[in-house]
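Q: I am attaching a structure below and will ask some questions about it afterwards.
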Amino acid sequence: MTLASCATAPEDKVSLLNQVQSRGELRCGISGTLPGFSYLDDGSYTGLDVDICRAVAAATVGDADKVDYTQLTAAQRFTALSSGEIDLLSRNTTQTLSRDSAGGNGLTFAPVIFYDGQGILVRRDRGVTTLEGLANQTVCVGSGTTTERNLNDVMQTRGIPYEALKFEQAPDRDQAYLNGSCAAVTADRSALSSSRSVFPSPDDHVILEESLSKEPLAPATVDGDDTWADAVRWVVYGLMEAEERGITQDNVADYVASATSGEQEENAALRRFLGIEGDLGTKLGLPNDFVVQAVEAVGNYGEIYGRHLGPDTRTAIPRGLNESHVNGGLHYAPPFN
């Protein structure tokens, strides 16, 4: 029996990349309740997180519309990923050690798509400008989130007594705040901007300048599937690199033409990036022009940001750290070599 067991090789695990490609559809977990990030608008999901799902679908199955979205609460999201209910989690999720480790949630994070920090939202007429102004007050917070722990850590360290009122669903949390059940609400600053944008009188509420934490938000896949994680990772990097190169949804076809038989035909680095030469996509199990397919579907990272969070949107958030590194931000793609 021992010899027989030693002679039997374990079956190779089929990567989620192969399963997604065979299925012809990406299953993506989102919030669905955050304007600017993932929100149901006129029957279709839209937002930064949604466009990440669409980019991955375009690069892996060749069609950005082949996405099956699942709305998930903070408490549901990791179970949905580990159980195989979804292939990709693109839901304003903070990368932390415990979530990234095999002994924790066992996630593998893609590049950060939004550098954020935790904030506090209060009614403007309360005159609160610091955390100390919330002493002995009730603060609404999402349960099972990093914000819950961060709030407790900061308030405890600074000796500010408070009471936490916890909610699993962000809309319930916000409604409790609007109803006066709590003096303030805490979440990622981006989430607070998103929530405030749909309040009856957004200008009546202010986000305090003070930031309670670092919140690098990133898509995630389940740990142990390097093939799938690599594919997702480099799709996201492709969107960032495209912005740096000035390649947009409108001009990507022109870049391909120029690098194929035009002025940039000798630009080897550009030809590799666009998949015209080399086998970078093949190394990932993707078409060599996977970046082209993603950018044609959703645009580069800057276009995605501007479409959902730019100055002309209702959830306007200055890019700040979310600029490309060439503009002083933190977004930086490794070489496509």
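Identifiers in this document derive from the order of the structure tokens: chains are assigned A, B, ..., residues are numbered from 1 separately in each chain, and ligands are numbered from 1 in order of occurrence.
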Which residues come within 12 Å of Ala259 (chain A), counting only C-alpha atoms, excluding same-chain residues fewer than 2 positions away, as a PyMOL selection string?

A: chain A and resi 252-257+261-277

Q: For the residues in that selection, give me C-alpha atoms as a PDB file, in the first residue's frame.

A:
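The resulting again.pdb:
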```
ATOM      1  CA  VAL A 252      -4.619  52.154 -28.921  1.00  0.00           C
ATOM      2  CA  ALA A 253      -5.435  50.981 -32.451  1.00  0.00           C
ATOM      3  CA  ASP A 254      -3.239  53.781 -33.838  1.00  0.00           C
ATOM      4  CA  TYR A 255      -0.372  52.684 -31.587  1.00  0.00           C
ATOM      5  CA  VAL A 256      -0.730  49.115 -32.836  1.00  0.00           C
ATOM      6  CA  ALA A 257      -0.701  50.294 -36.451  1.00  0.00           C
ATOM      7  CA  SER A 261       4.140  49.164 -40.010  1.00  0.00           C
ATOM      8  CA  GLY A 262       4.530  52.809 -39.143  1.00  0.00           C
ATOM      9  CA  GLU A 263       6.754  55.353 -37.425  1.00  0.00           C
ATOM     10  CA  GLN A 264       7.271  53.192 -34.329  1.00  0.00           C
ATOM     11  CA  GLU A 265       7.857  49.922 -36.135  1.00  0.00           C
ATOM     12  CA  GLU A 266      11.395  49.714 -34.680  1.00  0.00           C
ATOM     13  CA  ASN A 267      10.272  50.433 -31.099  1.00  0.00           C
ATOM     14  CA  ALA A 268      10.894  46.960 -29.659  1.00  0.00           C
ATOM     15  CA  ALA A 269       9.690  47.815 -26.136  1.00  0.00           C
ATOM     16  CA  LEU A 270       6.382  49.136 -27.465  1.00  0.00           C
ATOM     17  CA  ARG A 271       5.962  46.136 -29.757  1.00  0.00           C
ATOM     18  CA  ARG A 272       6.449  43.785 -26.806  1.00  0.00           C
ATOM     19  CA  PHE A 273       3.984  45.740 -24.668  1.00  0.00           C
ATOM     20  CA  LEU A 274       1.339  45.623 -27.385  1.00  0.00           C
ATOM     21  CA  GLY A 275       1.970  41.932 -28.082  1.00  0.00           C
ATOM     22  CA  ILE A 276       3.154  42.482 -31.630  1.00  0.00           C
ATOM     23  CA  GLU A 277       6.395  40.636 -30.976  1.00  0.00           C
TER      24      GLU A 277
END
```

Q: Need the shell around region 130-139 of chain A: protein/DNA/RNA residues with any atom at most 10 Å away, counting only C-alpha atoms. Skip same-chain ones fewer than 3 positions apart. Format as a ChimeraX atom specification?

A: /A:120-122,126-127,151,154-155,158-166,173,177,180-186,208-210,212

Q: With distances taken over only C-alpha atoms, which of A:Asp41, A:Asp223, A:Asp203, A:Glu25 is nearest to Asp63 (chain A)?

A: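 That would be A:Glu25, the residue with the smallest distance to Asp63 (chain A).
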
Q: Excluding Gly32 (chain A) and residues on its chain fewer than 3 positions from it, collect all residues at most 9 Å away from it, counting only C-alpha atoms, and give them as an MDAnalysis selection string.

A: chainID A and resid 29 35 37:40 45:46 50 69:72 91

Q: Using DSSP on the backbone coordinates, identify all residues within region 32-220 of chain A classified as strand (DSSP E); present the result as JSON, numbers by chain.

A: {"A": [33, 34, 38, 39, 40, 41, 44, 45, 46, 67, 68, 69, 70, 71, 88, 89, 107, 108, 109, 114, 115, 116, 118, 119, 120, 121, 122, 123, 137, 138, 139, 140, 141, 142, 162, 163, 164, 165, 166, 167, 184, 185, 186, 187, 188, 205, 206, 207, 215, 216, 217, 220]}

Q: Kindly indicate which residue among A:Val14, A:Tyr305, A:Asn105, A:Gly43 lies nearest to Ile317 (chain A), using only C-alpha atoms for the distances.

A: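 Going through A:Val14, A:Tyr305, A:Asn105, A:Gly43 one by one, the smallest distance to Ile317 (chain A) is for A:Tyr305.
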
Q: Find, counting only C-alpha atoms, the residue in A:Asp279, A:Asp172, A:Asp42, A:Glu244 that gets nearest to Ser143 (chain A).

A: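 Smallest separation from Ser143 (chain A) among the options: A:Asp172.
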
Q: Which value, in Å to one decimal, gives the distance between CA of Gly117 (chain A) and CA of Val326 (chain A)?

A: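 Atom-to-atom, CA of Gly117 (chain A) to CA of Val326 (chain A), that is 22.1 Å.
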
Q: Per DSSP on the backbone, filter region 35-80 of chain A down to the residues in alpha helix (DSSP H) and report them as a list in words.

A: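 Selection result, alpha helix (DSSP H) within region 35-80 of chain A: Leu48, Asp49, Val50, Asp51, Ile52, Cys53, Arg54, Ala55, Val56, Ala57, Ala58, Ala59, Thr60, Val61, Arg77, Phe78, Thr79 and Ala80 of chain A.
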